[in-house]
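Trainee: Dropping the structure in here first, questions after.
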Amino acid sequence: MNTVSQEIQDLSIKSLESTMNKLTNACKTMTEKGSSTTLVKKRLNAVKIGLESLKGTWNGEDFNYSEEIILTSIEVLQGILPSIEKQIAKATEGSSQKTLNERRLTALLLAIESLENRLM
């Protein structure tokens with residue numbers, strides 16, 4: 001994995017933690033409404049695994065997942081990218097929404113890279 005500055009590492013970890021919180025809240029709300037939570041749960045699990053992979057790579061924390069789970073996580077995370085890219089394109093330059101989504105995109109790309117490196 002390419003060398004990533006401490007600032008980018010910190011921002012990426014915070015971004016993925018924030019994404020996990022949003023997905024957790026969405027799952028809770030959807031469960032209360034009786035909506036299907038399958039997609040949200042898949043995304044939540046993939047973001048969690050991506051975050052753990054980054055923390056493992058950068059901070060030496062444990063990471064114990066099978067190749068199948070890693071491959072599934074990569075696929076799910078890659079599926080999130082187009083919607084974030086669309087949000088970035090629509091956002092006003094310099095807006096907090098654009099900054100948030102750019103950080104989220106960077107964090108997801110780094111998580112995908114980290115997971116792919118675990119398959120080598």
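By order of appearance in the structure tokens: chains A, B, ..., then residues from 1 within every chain, and ligands from 1 in the order shown.
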Which residues are close to Gly50 in chain A, i.e. within 7 Å by only C-alpha atoms, leaving aside same-chain residues fewer than 5 positions away? Reply as a PyMOL selection string.
Mentor: chain A and resi 111-112+115
Trainee: So that I have them on file, write out the residues from the current selection with N, CA, C and O atoms, as an mmCIF file, in the first residue's frame.
Mentor:
```cif
data_model
loop_
_atom_site.group_PDB
_atom_site.id
_atom_site.type_symbol
_atom_site.label_atom_id
_atom_site.label_comp_id
_atom_site.auth_asym_id
_atom_site.auth_seq_id
_atom_site.Cartn_x
_atom_site.Cartn_y
_atom_site.Cartn_z
ATOM 1 N N ALA A 111 -9.612 1.826 1.772
ATOM 2 C CA ALA A 111 -10.098 0.583 2.374
ATOM 3 C C ALA A 111 -10.096 -0.544 1.338
ATOM 4 O O ALA A 111 -9.663 -1.671 1.631
ATOM 5 N N ILE A 112 -10.559 -0.240 0.136
ATOM 6 C CA ILE A 112 -10.564 -1.236 -0.942
ATOM 7 C C ILE A 112 -9.138 -1.676 -1.245
ATOM 8 O O ILE A 112 -8.851 -2.872 -1.364
ATOM 9 N N LEU A 115 -7.852 -3.932 1.511
ATOM 10 C CA LEU A 115 -8.448 -5.267 1.427
ATOM 11 C C LEU A 115 -7.846 -6.066 0.268
ATOM 12 O O LEU A 115 -7.549 -7.260 0.403
#
```
Trainee: For Arg43 in chain A, please output as a list in words all residues within 9 Å (counting only C-alpha atoms; exclusion window: fewer than 3 positions along the same chain).
Mentor: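 Residues meeting the cut-off are Met20, Leu23, Thr38, Leu39, Val40, Ala46, Val47, Lys48, Ser73, Val76, Leu77 and Ile80 of chain A.
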Trainee: Nearest residue to Gln6 in chain A out of A:Thr29, A:Thr99, A:Asn59, A:Asn21, using only C-alpha atoms?
Mentor: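 Going through A:Thr29, A:Thr99, A:Asn59, A:Asn21 one by one, the smallest distance to Gln6 in chain A is for A:Asn59.
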Trainee: Ranking A:Gly79, A:Leu51, A:Asp62, A:Ile74 by minimum distance to Lys14 in chain A and counting only C-alpha atoms, which one comes first?
Mentor: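 Using only C-alpha atoms, Lys14 in chain A sits closest to A:Leu51.
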Trainee: Which parts of chain A does DSSP call helix (DSSP H, G or I) when run on the backbone here, written out as a ChimeraX atom specification?
Mentor: /A:6-33,38-59,67-90,96-118
Trainee: From the set A:Leu81, A:Ile88, A:Leu71, A:Leu108, which residue has the shortest atom-to-atom contact distance to Met120 in chain A, counting only C-alpha atoms?
Mentor: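 So, comparing all the options, the nearest one is A:Leu71.
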Trainee: Kindly indicate which residue among A:Cys27, A:Thr37, A:Glu116, A:Ser12 lies nearest to Gln78 in chain A, using only C-alpha atoms for the distances.
Mentor: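 Between A:Cys27, A:Thr37, A:Glu116, A:Ser12, the residue approaching Gln78 in chain A most closely is A:Glu116.
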Trainee: Mind pulling up the distance from CA of Arg118 in chain A to CA of Ile13 in chain A?
Mentor: 18.2 Å
